[in-house]
Amino acid sequence: MASRFIKFSFATTLVLVSCSLLAQQPGQSINDTIKLKTLNVESKPEFKGIERLGDTDGTVITAGKKNEVIDVTKTDANTAVNNTRQTFAKVPGLMIWENDGTGIQVGISTRGLSPNRSWEFNNRQNGYDISADPFGYPEAYYAPPFEFLQSVQFVRGAASLQFGPQFGGLVNYVFKKPDTAAISIESYQTAGSYGVFNSATILSGTKGKLSYIGMFNHRNADGWRNNSRYNYNTGYGAIYYQPTKTIRLKAEYTQMGFLSQQAGGLTDSMFAVDARQSFRSRNWLNITWKMPSVEFNYDINEQLTLNIKAFALFGDRESIGFTGNIGKTNGDLNADPLTNRQVDTDNYTNYGAEARILYNYKLFGGNHTLAGGLRYSTGKTTRIRYIGNNGTDADFTNAFADSLQRDFEFGTTNLAAFAENIFKLGKRLTITPGIRFEYLSNTGNFVRPVIFQANTKRQFPLVGIGIGYKTGNTNNVYANFSQAFRPVLYGDITPAATTDVIDPNLKDATGYTADLGWRGNVSSWLNYDVSLFYLQYNNRTGRLTLTDSSGTYQYVTNLTNSRTMGAEFYVEFNPVKLIKPQTRWGSISLFTAGTIQNAEYTKGLINGGTNTEVNMDGKKVEYAPALVIRSGINYSYKTFSTSLQVSHTGKVYADANNTETAKTGNTGLVPAYTVADWSASITLKSHYIIKGGINNLFNQRYFTRRAGGYPGPGILPADGRTFYITVGAKF
C-alpha cells in the first residue's frame, strides 16, 4: 500500500508540475529569478487566542466567509488532555460532546448539526483529510494532540465550495512549524487527577534549505469513571525542503495508536446515584491511524501560485465487549452476562490528492483573485463482526472459526472541480461567486449477511456567493450563501446495535447555509463578530424511538426536513486598553461567545415503519440547544496569565421524538448544564513554563450525550472536577 501511495503521489505531482511550467510567462526561463511583490503587513491588536483569516489563506479564498482561527499557543486552556471546551471557547455556538475524557476523539458541531466525532465538518490536518472516509464514514476517530498545534481554523458552511459539501464547514488543525535555529527542543510534562500523565516533546530546526520537525506525545490515565483507563501515543514528523525561492516541498507522516476501556452507559436513576459507576468492565476500543502526505508549492510568477497535496490514510478500529441494553439484561438492571463478547473490526484505506491555484489579476482597473482546483480521492472500508472470547482483557481475536456474523465492504470514489473568484469593486466591496462540481460513487458489498449490493453514482453542482463590505479599516460586513450535500453514510445502512432497524429507502441529504454578519475591532480594546445564520437540511437522517410487539427499537430513516436559524456572537473587551493603551498594569479582557438558535423539523407525517406514522412538524432537532454561551475573564501581566471561564449549554433531546424520559437511558432529555474552568500559566527566564488549572471547578454532575448503542448504551457522563499541572521548557 505504501508503494502504491508513493507512485500515486509522484505521478500526480509530475503531471501538475508539468502543467504549471507551461504557465510561465513567454520567454521566461525556469532558472530565472522571480521578483515577488513587497507586502505591507499591518500590525493587528492582539486578543488572546483568537484571530481571523484574511481574504485569502495560501491558495484558498476566505473572503465573505465566517471564520475563526484559534491560536492554541496563546490560550491558557488545558491542552495536555485536548480540553475542547476551553480551547475552542471563543468559537461561537459549538455544541460539544464531553463523554470522552481522553480528549482523543473531538465531538463538536454548530447550528443544530450532530456532534458525533465532528462528522458534520470536513476534518483536516495541515489541509488534508483525517476522517475515516469523508463521503462514507466521516467520523474523526483521530484528533492531533493540541500541544502539537499552532492553530485551529474554523470556516463555516460556505467552506463547502472549496473543501467539500459538508453542512458544518471546515475544521483544519495546523501544526507548529520548524524552529529557525539549527536545533530546538521543547518538552512538556503534565500530571493530574485520576492518574493522568501526559508527555509531549518537540524537536525541530533549520539548516540551509532543509527544515525538520518531530513530535511525540504519550498520555495515560485511569479515568474519572470506573473502567475508563486508557493509553495513547502519537508521533509526527515532517521535512521541509526549499531548493529555490519559489519552490517549497514538504513530506510528513503521522501515526496514532490508543487503547481505552469503555465504561458504558447508565440509566437516569444510576446517574443520579453515582455518575462515576460503571457496569461494563470488559469493553475495549483500539484505534490505529497512519497518515503520510507530500506537498508541493510553486510560486510560478508574481500572480500565480500552485499548491499540490497528495495524502493517504491507513486506519483500523477494533472494539470488543457487551453492549446490551443497560436497562434490562437477563432480568437484572445492570448485569453483564459474562458470556463471549462481540468484536467489531473496521479497516480504512484512503488515497487522495488536491491541486489548487491562486491567480491574482487585473481587470477593468481592479485587482481580482481567482482560486480553483481539482480533487481526486478513493477509499475502501471493510467492516467485520464476529464472536470474541469471554475474558476481561483487550483481546480482539476471533474465538471461533465459524463465528463470523458480519462481513461488509464499502468503496468511495470522489472527483471534484471547484473555482471561486474575488471581484473587488472599488476599495470597499468584494463579491465572490463560486461553483463546485462533484462526482461521487459509492459501492456496498454485503458478504454476510447478504443484505443488498449497492452501486450509487451521483453528479451534482454546488453554487455559492460571498459578499464583503469594509465599513472601516478593520471592520467589515459579510454575507454568504452556499449549497451543501450529505450522502447516505455506511453507518446509516448498517445497524449500530441489535435494536436498530434501517429504512431501506434512505435518501441523500441536500440543503444550504447562509450568513449575514459584522466583524472587526476597535483599536486594541474591542473585538467582535456578530451574525445571523440560516441552515436548511433536507431529508435529514436520524433515529426515531418506536415500539411494537417485540419491544422498543431505534428506526433509522429520513426525518423530513429541518431548519436552524439564529444568531452567533463573539465580543471581547479590554477595559485597561481603553483607558490607557500603554499601561503597565497588565491586560484584562472579558469575552463572551455563543449562539441563540431555533432548530426544528418543518414537515408533518412520515412513515415510521411497521405502519407507524410520526408527526415531525415542530419537533426540536436532536442535540441542538437553543442557547450555548461561554464567557470568561483573562488577566495577563508580563509573562503571567490566568483565565476563568464559564460555559453554559441549554437542554437538548437525544432523539427526534423529543422523548422526555426513558427507562433505559438511551433516549430522553439531556438537561442544561453550566461548567466553570480555571487555568494559569507563567514563563520563567524565557525558557521555562509552568501551567496548571482546575476543570469543572465546582464539580458539576452533568452529561452531554445519550447513546443508543456503542459506546453505551445509556447516559455517558462527563468528567467531574479534575486538576492538572504542567512543567515545560524550550531551548
# chains A, B, ... in the order shown; residues from 1 in each chain; ligands from 1
>>> residues_around(residues="segment 366-383 of chain A", least_positions_apart="3", cutoff="8 Å", atoms="only C-alpha atoms", output="ChimeraX atom specification")
/A:59-61,133,344-363,406-426
>>> residues_around(residues="segment 275-288 of chain A", least_positions_apart="4", cutoff="8 Å", atoms="only C-alpha atoms", output="PDB file with all heavy atoms, in the first residue's frame")
ATOM      1  N   TYR A 141     -12.007   9.640  14.195  1.00  0.00           N
ATOM      2  CA  TYR A 141     -11.519   8.874  15.339  1.00  0.00           C
ATOM      3  C   TYR A 141     -10.195   9.449  15.857  1.00  0.00           C
ATOM      4  O   TYR A 141      -9.756   9.095  16.945  1.00  0.00           O
ATOM      5  CB  TYR A 141     -11.309   7.410  14.943  1.00  0.00           C
ATOM      6  CG  TYR A 141     -12.578   6.610  14.909  1.00  0.00           C
ATOM      7  CD1 TYR A 141     -13.219   6.329  13.700  1.00  0.00           C
ATOM      8  CD2 TYR A 141     -13.157   6.129  16.077  1.00  0.00           C
ATOM      9  CE1 TYR A 141     -14.388   5.600  13.657  1.00  0.00           C
ATOM     10  CE2 TYR A 141     -14.327   5.399  16.043  1.00  0.00           C
ATOM     11  CZ  TYR A 141     -14.940   5.130  14.836  1.00  0.00           C
ATOM     12  OH  TYR A 141     -16.099   4.406  14.798  1.00  0.00           O
ATOM     13  N   TRP A 224     -11.772   9.295  35.025  1.00  0.00           N
ATOM     14  CA  TRP A 224     -12.630   9.775  36.114  1.00  0.00           C
ATOM     15  C   TRP A 224     -13.675   8.728  36.498  1.00  0.00           C
ATOM     16  O   TRP A 224     -13.950   8.527  37.671  1.00  0.00           O
ATOM     17  CB  TRP A 224     -13.318  11.075  35.669  1.00  0.00           C
ATOM     18  CG  TRP A 224     -14.222  11.661  36.707  1.00  0.00           C
ATOM     19  CD1 TRP A 224     -13.854  12.340  37.829  1.00  0.00           C
ATOM     20  CD2 TRP A 224     -15.652  11.621  36.716  1.00  0.00           C
ATOM     21  NE1 TRP A 224     -14.961  12.718  38.545  1.00  0.00           N
ATOM     22  CE2 TRP A 224     -16.089  12.296  37.874  1.00  0.00           C
ATOM     23  CE3 TRP A 224     -16.613  11.076  35.859  1.00  0.00           C
ATOM     24  CZ2 TRP A 224     -17.438  12.450  38.196  1.00  0.00           C
ATOM     25  CZ3 TRP A 224     -17.952  11.230  36.172  1.00  0.00           C
ATOM     26  CH2 TRP A 224     -18.351  11.909  37.333  1.00  0.00           C
ATOM     27  N   ARG A 225     -14.226   8.027  35.514  1.00  0.00           N
ATOM     28  CA  ARG A 225     -15.195   6.959  35.804  1.00  0.00           C
ATOM     29  C   ARG A 225     -14.461   5.643  36.019  1.00  0.00           C
ATOM     30  O   ARG A 225     -13.324   5.450  35.546  1.00  0.00           O
ATOM     31  CB  ARG A 225     -16.183   6.787  34.643  1.00  0.00           C
ATOM     32  CG  ARG A 225     -17.205   7.894  34.508  1.00  0.00           C
ATOM     33  CD  ARG A 225     -18.214   7.525  33.435  1.00  0.00           C
ATOM     34  NE  ARG A 225     -19.038   6.399  33.831  1.00  0.00           N
ATOM     35  CZ  ARG A 225     -19.779   5.664  32.998  1.00  0.00           C
ATOM     36  NH1 ARG A 225     -19.763   5.930  31.694  1.00  0.00           N
ATOM     37  NH2 ARG A 225     -20.506   4.669  33.451  1.00  0.00           N
ATOM     38  N   ASN A 226     -15.110   4.742  36.699  1.00  0.00           N
ATOM     39  CA  ASN A 226     -14.587   3.386  36.795  1.00  0.00           C
ATOM     40  C   ASN A 226     -14.548   2.767  35.400  1.00  0.00           C
ATOM     41  O   ASN A 226     -15.354   3.090  34.527  1.00  0.00           O
ATOM     42  CB  ASN A 226     -15.475   2.534  37.715  1.00  0.00           C
ATOM     43  CG  ASN A 226     -15.508   3.067  39.132  1.00  0.00           C
ATOM     44  OD1 ASN A 226     -14.531   3.648  39.603  1.00  0.00           O
ATOM     45  ND2 ASN A 226     -16.630   2.885  39.825  1.00  0.00           N
ATOM     46  N   ASN A 227     -13.614   1.876  35.182  1.00  0.00           N
ATOM     47  CA  ASN A 227     -13.484   1.161  33.898  1.00  0.00           C
ATOM     48  C   ASN A 227     -13.299   2.119  32.717  1.00  0.00           C
ATOM     49  O   ASN A 227     -13.921   1.959  31.661  1.00  0.00           O
ATOM     50  CB  ASN A 227     -14.722   0.278  33.642  1.00  0.00           C
ATOM     51  CG  ASN A 227     -14.934  -0.750  34.724  1.00  0.00           C
ATOM     52  OD1 ASN A 227     -13.980  -1.355  35.217  1.00  0.00           O
ATOM     53  ND2 ASN A 227     -16.190  -0.950  35.118  1.00  0.00           N
ATOM     54  N   GLN A 255       1.356   9.050  12.998  1.00  0.00           N
ATOM     55  CA  GLN A 255       0.859   7.747  13.441  1.00  0.00           C
ATOM     56  C   GLN A 255       0.332   7.870  14.860  1.00  0.00           C
ATOM     57  O   GLN A 255       1.001   8.411  15.738  1.00  0.00           O
ATOM     58  CB  GLN A 255       1.944   6.675  13.374  1.00  0.00           C
ATOM     59  CG  GLN A 255       1.433   5.285  13.777  1.00  0.00           C
ATOM     60  CD  GLN A 255       2.358   4.173  13.366  1.00  0.00           C
ATOM     61  OE1 GLN A 255       3.038   4.266  12.335  1.00  0.00           O
ATOM     62  NE2 GLN A 255       2.413   3.102  14.156  1.00  0.00           N
ATOM     63  N   MET A 256      -0.878   7.386  15.050  1.00  0.00           N
ATOM     64  CA  MET A 256      -1.528   7.419  16.349  1.00  0.00           C
ATOM     65  C   MET A 256      -2.027   6.037  16.720  1.00  0.00           C
ATOM     66  O   MET A 256      -2.520   5.294  15.866  1.00  0.00           O
ATOM     67  CB  MET A 256      -2.703   8.406  16.333  1.00  0.00           C
ATOM     68  CG  MET A 256      -3.462   8.535  17.651  1.00  0.00           C
ATOM     69  SD  MET A 256      -4.820   7.325  17.832  1.00  0.00           S
ATOM     70  CE  MET A 256      -6.031   7.956  16.686  1.00  0.00           C
ATOM     71  N   GLY A 257      -1.909   5.680  17.985  1.00  0.00           N
ATOM     72  CA  GLY A 257      -2.482   4.444  18.483  1.00  0.00           C
ATOM     73  C   GLY A 257      -2.980   4.644  19.900  1.00  0.00           C
ATOM     74  O   GLY A 257      -2.307   5.284  20.710  1.00  0.00           O
ATOM     75  N   PHE A 258      -4.181   4.161  20.175  1.00  0.00           N
ATOM     76  CA  PHE A 258      -4.637   4.236  21.561  1.00  0.00           C
ATOM     77  C   PHE A 258      -5.536   3.049  21.891  1.00  0.00           C
ATOM     78  O   PHE A 258      -6.217   2.480  21.034  1.00  0.00           O
ATOM     79  CB  PHE A 258      -5.321   5.578  21.873  1.00  0.00           C
ATOM     80  CG  PHE A 258      -6.772   5.681  21.465  1.00  0.00           C
ATOM     81  CD1 PHE A 258      -7.788   5.246  22.298  1.00  0.00           C
ATOM     82  CD2 PHE A 258      -7.121   6.276  20.267  1.00  0.00           C
ATOM     83  CE1 PHE A 258      -9.117   5.377  21.940  1.00  0.00           C
ATOM     84  CE2 PHE A 258      -8.449   6.411  19.894  1.00  0.00           C
ATOM     85  CZ  PHE A 258      -9.457   5.954  20.742  1.00  0.00           C
ATOM     86  N   LEU A 259      -5.514   2.700  23.153  1.00  0.00           N
ATOM     87  CA  LEU A 259      -6.342   1.632  23.705  1.00  0.00           C
ATOM     88  C   LEU A 259      -7.074   2.213  24.897  1.00  0.00           C
ATOM     89  O   LEU A 259      -6.447   2.778  25.806  1.00  0.00           O
ATOM     90  CB  LEU A 259      -5.485   0.446  24.141  1.00  0.00           C
ATOM     91  CG  LEU A 259      -6.224  -0.699  24.848  1.00  0.00           C
ATOM     92  CD1 LEU A 259      -7.179  -1.407  23.882  1.00  0.00           C
ATOM     93  CD2 LEU A 259      -5.223  -1.699  25.439  1.00  0.00           C
ATOM     94  N   SER A 260      -8.399   2.104  24.900  1.00  0.00           N
ATOM     95  CA  SER A 260      -9.172   2.653  26.013  1.00  0.00           C
ATOM     96  C   SER A 260     -10.250   1.672  26.444  1.00  0.00           C
ATOM     97  O   SER A 260     -10.830   0.948  25.625  1.00  0.00           O
ATOM     98  CB  SER A 260      -9.812   3.989  25.623  1.00  0.00           C
ATOM     99  OG  SER A 260     -10.781   3.812  24.613  1.00  0.00           O
ATOM    100  N   GLN A 261     -10.502   1.676  27.729  1.00  0.00           N
ATOM    101  CA  GLN A 261     -11.579   0.872  28.291  1.00  0.00           C
ATOM    102  C   GLN A 261     -12.863   1.690  28.229  1.00  0.00           C
ATOM    103  O   GLN A 261     -12.869   2.879  28.539  1.00  0.00           O
ATOM    104  CB  GLN A 261     -11.254   0.498  29.737  1.00  0.00           C
ATOM    105  CG  GLN A 261     -12.132  -0.598  30.301  1.00  0.00           C
ATOM    106  CD  GLN A 261     -11.656  -1.060  31.677  1.00  0.00           C
ATOM    107  OE1 GLN A 261     -10.895  -0.363  32.333  1.00  0.00           O
ATOM    108  NE2 GLN A 261     -12.096  -2.234  32.109  1.00  0.00           N
ATOM    109  N   GLN A 262     -13.941   1.062  27.806  1.00  0.00           N
ATOM    110  CA  GLN A 262     -15.213   1.754  27.616  1.00  0.00           C
ATOM    111  C   GLN A 262     -16.139   1.457  28.790  1.00  0.00           C
ATOM    112  O   GLN A 262     -16.575   0.315  28.980  1.00  0.00           O
ATOM    113  CB  GLN A 262     -15.864   1.313  26.307  1.00  0.00           C
ATOM    114  CG  GLN A 262     -14.958   1.464  25.078  1.00  0.00           C
ATOM    115  CD  GLN A 262     -14.750   2.896  24.689  1.00  0.00           C
ATOM    116  OE1 GLN A 262     -15.618   3.528  24.090  1.00  0.00           O
ATOM    117  NE2 GLN A 262     -13.584   3.437  25.013  1.00  0.00           N
ATOM    118  N   ALA A 263     -16.450   2.495  29.574  1.00  0.00           N
ATOM    119  CA  ALA A 263     -17.210   2.303  30.816  1.00  0.00           C
ATOM    120  C   ALA A 263     -18.683   2.021  30.582  1.00  0.00           C
ATOM    121  O   ALA A 263     -19.385   1.561  31.486  1.00  0.00           O
ATOM    122  CB  ALA A 263     -17.055   3.536  31.700  1.00  0.00           C
ATOM    123  N   GLY A 264     -19.187   2.278  29.370  1.00  0.00           N
ATOM    124  CA  GLY A 264     -20.587   2.003  29.075  1.00  0.00           C
ATOM    125  C   GLY A 264     -21.512   3.076  29.622  1.00  0.00           C
ATOM    126  O   GLY A 264     -21.084   4.071  30.214  1.00  0.00           O
ATOM    127  N   GLY A 265     -22.809   2.885  29.398  1.00  0.00           N
ATOM    128  CA  GLY A 265     -23.795   3.887  29.766  1.00  0.00           C
ATOM    129  C   GLY A 265     -24.503   3.597  31.071  1.00  0.00           C
ATOM    130  O   GLY A 265     -24.319   2.542  31.693  1.00  0.00           O
ATOM    131  N   LEU A 266     -25.340   4.568  31.490  1.00  0.00           N
ATOM    132  CA  LEU A 266     -26.124   4.472  32.721  1.00  0.00           C
ATOM    133  C   LEU A 266     -27.568   4.863  32.437  1.00  0.00           C
ATOM    134  O   LEU A 266     -27.856   5.597  31.488  1.00  0.00           O
ATOM    135  CB  LEU A 266     -25.562   5.405  33.795  1.00  0.00           C
ATOM    136  CG  LEU A 266     -24.099   5.217  34.228  1.00  0.00           C
ATOM    137  CD1 LEU A 266     -23.702   6.340  35.181  1.00  0.00           C
ATOM    138  CD2 LEU A 266     -23.886   3.856  34.863  1.00  0.00           C
ATOM    139  N   MET A 270     -29.364   5.478  37.749  1.00  0.00           N
ATOM    140  CA  MET A 270     -27.966   5.155  38.056  1.00  0.00           C
ATOM    141  C   MET A 270     -27.119   6.420  38.094  1.00  0.00           C
ATOM    142  O   MET A 270     -26.282   6.597  38.983  1.00  0.00           O
ATOM    143  CB  MET A 270     -27.412   4.195  36.997  1.00  0.00           C
ATOM    144  CG  MET A 270     -28.009   2.806  37.006  1.00  0.00           C
ATOM    145  SD  MET A 270     -27.393   1.872  35.577  1.00  0.00           S
ATOM    146  CE  MET A 270     -28.294   0.335  35.775  1.00  0.00           C
ATOM    147  N   PHE A 271     -27.334   7.301  37.117  1.00  0.00           N
ATOM    148  CA  PHE A 271     -26.569   8.544  37.060  1.00  0.00           C
ATOM    149  C   PHE A 271     -26.830   9.381  38.305  1.00  0.00           C
ATOM    150  O   PHE A 271     -25.898   9.994  38.851  1.00  0.00           O
ATOM    151  CB  PHE A 271     -26.944   9.324  35.803  1.00  0.00           C
ATOM    152  CG  PHE A 271     -26.298  10.668  35.699  1.00  0.00           C
ATOM    153  CD1 PHE A 271     -25.001  10.796  35.240  1.00  0.00           C
ATOM    154  CD2 PHE A 271     -26.992  11.819  36.065  1.00  0.00           C
ATOM    155  CE1 PHE A 271     -24.390  12.042  35.146  1.00  0.00           C
ATOM    156  CE2 PHE A 271     -26.389  13.063  35.977  1.00  0.00           C
ATOM    157  CZ  PHE A 271     -25.087  13.181  35.518  1.00  0.00           C
ATOM    158  N   GLY A 315      -6.062   3.107   8.439  1.00  0.00           N
ATOM    159  CA  GLY A 315      -6.539   3.070   9.814  1.00  0.00           C
ATOM    160  C   GLY A 315      -7.301   1.808  10.123  1.00  0.00           C
ATOM    161  O   GLY A 315      -7.799   1.113   9.222  1.00  0.00           O
ATOM    162  N   ASP A 316      -7.379   1.493  11.388  1.00  0.00           N
ATOM    163  CA  ASP A 316      -8.239   0.389  11.813  1.00  0.00           C
ATOM    164  C   ASP A 316      -8.839   0.720  13.169  1.00  0.00           C
ATOM    165  O   ASP A 316      -8.264   1.445  13.979  1.00  0.00           O
ATOM    166  CB  ASP A 316      -7.477  -0.941  11.865  1.00  0.00           C
ATOM    167  CG  ASP A 316      -6.321  -0.924  12.831  1.00  0.00           C
ATOM    168  OD1 ASP A 316      -6.559  -0.945  14.047  1.00  0.00           O
ATOM    169  OD2 ASP A 316      -5.163  -0.910  12.376  1.00  0.00           O
ATOM    170  N   ARG A 317     -10.024   0.202  13.367  1.00  0.00           N
ATOM    171  CA  ARG A 317     -10.780   0.395  14.599  1.00  0.00           C
ATOM    172  C   ARG A 317     -11.269  -0.965  15.073  1.00  0.00           C
ATOM    173  O   ARG A 317     -11.925  -1.693  14.321  1.00  0.00           O
ATOM    174  CB  ARG A 317     -11.976   1.315  14.344  1.00  0.00           C
ATOM    175  CG  ARG A 317     -12.946   1.409  15.505  1.00  0.00           C
ATOM    176  CD  ARG A 317     -14.329   1.800  15.033  1.00  0.00           C
ATOM    177  NE  ARG A 317     -15.284   1.809  16.115  1.00  0.00           N
ATOM    178  CZ  ARG A 317     -15.915   0.728  16.574  1.00  0.00           C
ATOM    179  NH1 ARG A 317     -15.642  -0.468  16.060  1.00  0.00           N
ATOM    180  NH2 ARG A 317     -16.786   0.814  17.551  1.00  0.00           N
ATOM    181  N   GLU A 318     -10.961  -1.312  16.322  1.00  0.00           N
ATOM    182  CA  GLU A 318     -11.386  -2.580  16.894  1.00  0.00           C
ATOM    183  C   GLU A 318     -12.096  -2.320  18.220  1.00  0.00           C
ATOM    184  O   GLU A 318     -11.625  -1.524  19.031  1.00  0.00           O
ATOM    185  CB  GLU A 318     -10.187  -3.498  17.161  1.00  0.00           C
ATOM    186  CG  GLU A 318      -9.402  -3.896  15.925  1.00  0.00           C
ATOM    187  CD  GLU A 318      -8.190  -4.728  16.286  1.00  0.00           C
ATOM    188  OE1 GLU A 318      -7.340  -4.232  17.057  1.00  0.00           O
ATOM    189  OE2 GLU A 318      -8.080  -5.866  15.804  1.00  0.00           O
ATOM    190  N   SER A 319     -13.208  -2.988  18.423  1.00  0.00           N
ATOM    191  CA  SER A 319     -13.895  -2.905  19.710  1.00  0.00           C
ATOM    192  C   SER A 319     -14.352  -4.295  20.120  1.00  0.00           C
ATOM    193  O   SER A 319     -14.695  -5.136  19.275  1.00  0.00           O
ATOM    194  CB  SER A 319     -15.100  -1.954  19.636  1.00  0.00           C
ATOM    195  OG  SER A 319     -16.090  -2.448  18.752  1.00  0.00           O
ATOM    196  N   ILE A 320     -14.337  -4.537  21.421  1.00  0.00           N
ATOM    197  CA  ILE A 320     -14.814  -5.795  21.963  1.00  0.00           C
ATOM    198  C   ILE A 320     -15.589  -5.502  23.239  1.00  0.00           C
ATOM    199  O   ILE A 320     -15.224  -4.599  24.007  1.00  0.00           O
ATOM    200  CB  ILE A 320     -13.656  -6.775  22.261  1.00  0.00           C
ATOM    201  CG1 ILE A 320     -14.208  -8.127  22.728  1.00  0.00           C
ATOM    202  CG2 ILE A 320     -12.667  -6.197  23.272  1.00  0.00           C
ATOM    203  CD1 ILE A 320     -13.151  -9.220  22.827  1.00  0.00           C
ATOM    204  N   GLY A 321     -16.677  -6.217  23.430  1.00  0.00           N
ATOM    205  CA  GLY A 321     -17.422  -6.012  24.661  1.00  0.00           C
ATOM    206  C   GLY A 321     -18.852  -6.482  24.568  1.00  0.00           C
ATOM    207  O   GLY A 321     -19.271  -7.117  23.591  1.00  0.00           O
ATOM    208  N   PHE A 322     -19.589  -6.150  25.608  1.00  0.00           N
ATOM    209  CA  PHE A 322     -21.012  -6.444  25.692  1.00  0.00           C
ATOM    210  C   PHE A 322     -21.745  -5.109  25.705  1.00  0.00           C
ATOM    211  O   PHE A 322     -21.549  -4.292  26.606  1.00  0.00           O
ATOM    212  CB  PHE A 322     -21.321  -7.232  26.958  1.00  0.00           C
ATOM    213  CG  PHE A 322     -22.793  -7.425  27.198  1.00  0.00           C
ATOM    214  CD1 PHE A 322     -23.542  -8.252  26.385  1.00  0.00           C
ATOM    215  CD2 PHE A 322     -23.425  -6.774  28.246  1.00  0.00           C
ATOM    216  CE1 PHE A 322     -24.902  -8.425  26.602  1.00  0.00           C
ATOM    217  CE2 PHE A 322     -24.779  -6.941  28.480  1.00  0.00           C
ATOM    218  CZ  PHE A 322     -25.525  -7.766  27.653  1.00  0.00           C
ATOM    219  N   ASN A 334     -28.368  -4.184  35.576  1.00  0.00           N
ATOM    220  CA  ASN A 334     -27.018  -3.770  35.234  1.00  0.00           C
ATOM    221  C   ASN A 334     -26.068  -4.906  34.901  1.00  0.00           C
ATOM    222  O   ASN A 334     -24.897  -4.681  34.692  1.00  0.00           O
ATOM    223  CB  ASN A 334     -26.418  -2.950  36.386  1.00  0.00           C
ATOM    224  CG  ASN A 334     -26.484  -3.679  37.712  1.00  0.00           C
ATOM    225  OD1 ASN A 334     -26.314  -4.885  37.758  1.00  0.00           O
ATOM    226  ND2 ASN A 334     -26.734  -2.945  38.782  1.00  0.00           N
ATOM    227  N   ALA A 335     -26.538  -6.128  34.877  1.00  0.00           N
ATOM    228  CA  ALA A 335     -25.622  -7.261  34.773  1.00  0.00           C
ATOM    229  C   ALA A 335     -25.031  -7.420  33.376  1.00  0.00           C
ATOM    230  O   ALA A 335     -25.703  -7.245  32.367  1.00  0.00           O
ATOM    231  CB  ALA A 335     -26.336  -8.549  35.156  1.00  0.00           C
ATOM    232  N   ASP A 336     -23.757  -7.728  33.330  1.00  0.00           N
ATOM    233  CA  ASP A 336     -23.086  -8.223  32.139  1.00  0.00           C
ATOM    234  C   ASP A 336     -23.155  -9.746  32.254  1.00  0.00           C
ATOM    235  O   ASP A 336     -22.689 -10.321  33.246  1.00  0.00           O
ATOM    236  CB  ASP A 336     -21.639  -7.740  32.141  1.00  0.00           C
ATOM    237  CG  ASP A 336     -20.844  -8.232  30.937  1.00  0.00           C
ATOM    238  OD1 ASP A 336     -21.265  -9.201  30.287  1.00  0.00           O
ATOM    239  OD2 ASP A 336     -19.777  -7.647  30.675  1.00  0.00           O
ATOM    240  N   GLY A 391     -13.336 -13.335  28.132  1.00  0.00           N
ATOM    241  CA  GLY A 391     -12.430 -12.803  29.138  1.00  0.00           C
ATOM    242  C   GLY A 391     -12.714 -11.354  29.471  1.00  0.00           C
ATOM    243  O   GLY A 391     -13.777 -10.798  29.141  1.00  0.00           O
ATOM    244  N   THR A 392     -11.743 -10.704  30.117  1.00  0.00           N
ATOM    245  CA  THR A 392     -11.894  -9.319  30.537  1.00  0.00           C
ATOM    246  C   THR A 392     -10.881  -8.391  29.878  1.00  0.00           C
ATOM    247  O   THR A 392     -11.015  -7.181  29.977  1.00  0.00           O
ATOM    248  CB  THR A 392     -11.723  -9.207  32.063  1.00  0.00           C
ATOM    249  OG1 THR A 392     -10.410  -9.651  32.419  1.00  0.00           O
ATOM    250  CG2 THR A 392     -12.764 -10.045  32.793  1.00  0.00           C
ATOM    251  N   ASP A 393      -9.883  -8.952  29.208  1.00  0.00           N
ATOM    252  CA  ASP A 393      -8.819  -8.119  28.656  1.00  0.00           C
ATOM    253  C   ASP A 393      -9.151  -7.672  27.234  1.00  0.00           C
ATOM    254  O   ASP A 393     -10.185  -8.031  26.667  1.00  0.00           O
ATOM    255  CB  ASP A 393      -7.486  -8.864  28.684  1.00  0.00           C
ATOM    256  CG  ASP A 393      -7.545 -10.161  27.880  1.00  0.00           C
ATOM    257  OD1 ASP A 393      -8.672 -10.566  27.485  1.00  0.00           O
ATOM    258  OD2 ASP A 393      -6.484 -10.773  27.641  1.00  0.00           O
ATOM    259  N   ALA A 394      -8.244  -6.874  26.655  1.00  0.00           N
ATOM    260  CA  ALA A 394      -8.444  -6.329  25.311  1.00  0.00           C
ATOM    261  C   ALA A 394      -7.902  -7.294  24.267  1.00  0.00           C
ATOM    262  O   ALA A 394      -6.932  -7.018  23.561  1.00  0.00           O
ATOM    263  CB  ALA A 394      -7.761  -4.977  25.197  1.00  0.00           C
ATOM    264  N   ARG A 701     -22.235  17.667  38.219  1.00  0.00           N
ATOM    265  CA  ARG A 701     -22.593  16.370  37.645  1.00  0.00           C
ATOM    266  C   ARG A 701     -23.501  16.630  36.449  1.00  0.00           C
ATOM    267  O   ARG A 701     -24.594  17.164  36.587  1.00  0.00           O
ATOM    268  CB  ARG A 701     -23.301  15.490  38.676  1.00  0.00           C
ATOM    269  CG  ARG A 701     -22.403  15.041  39.814  1.00  0.00           C
ATOM    270  CD  ARG A 701     -21.354  14.048  39.307  1.00  0.00           C
ATOM    271  NE  ARG A 701     -20.529  13.525  40.389  1.00  0.00           N
ATOM    272  CZ  ARG A 701     -19.370  14.028  40.771  1.00  0.00           C
ATOM    273  NH1 ARG A 701     -18.889  15.089  40.147  1.00  0.00           N
ATOM    274  NH2 ARG A 701     -18.685  13.501  41.759  1.00  0.00           N
ATOM    275  N   PRO A 717     -21.675   9.943  31.160  1.00  0.00           N
ATOM    276  CA  PRO A 717     -21.393  11.124  31.990  1.00  0.00           C
ATOM    277  C   PRO A 717     -20.133  11.862  31.559  1.00  0.00           C
ATOM    278  O   PRO A 717     -19.159  11.270  31.076  1.00  0.00           O
ATOM    279  CB  PRO A 717     -21.213  10.536  33.398  1.00  0.00           C
ATOM    280  CG  PRO A 717     -21.867   9.197  33.353  1.00  0.00           C
ATOM    281  CD  PRO A 717     -21.673   8.704  31.958  1.00  0.00           C
TER     282      PRO A 717
END
>>> select_by_dssp(residues="segment 207-419 of chain A", states="helix (DSSP H, G or I)", output="ChimeraX atom specification")
/A:268-273
>>> write_last_selection(atoms="C-alpha atoms", output="PDB file, in the first residue's frame")
ATOM      1  CA  ASP A 268     -31.121   8.160  34.730  1.00  0.00           C
ATOM      2  CA  SER A 269     -31.511   6.591  38.163  1.00  0.00           C
ATOM      3  CA  MET A 270     -27.966   5.155  38.056  1.00  0.00           C
ATOM      4  CA  PHE A 271     -26.569   8.544  37.060  1.00  0.00           C
ATOM      5  CA  ALA A 272     -28.419  10.212  39.942  1.00  0.00           C
ATOM      6  CA  VAL A 273     -26.958   7.763  42.462  1.00  0.00           C
TER       7      VAL A 273
END
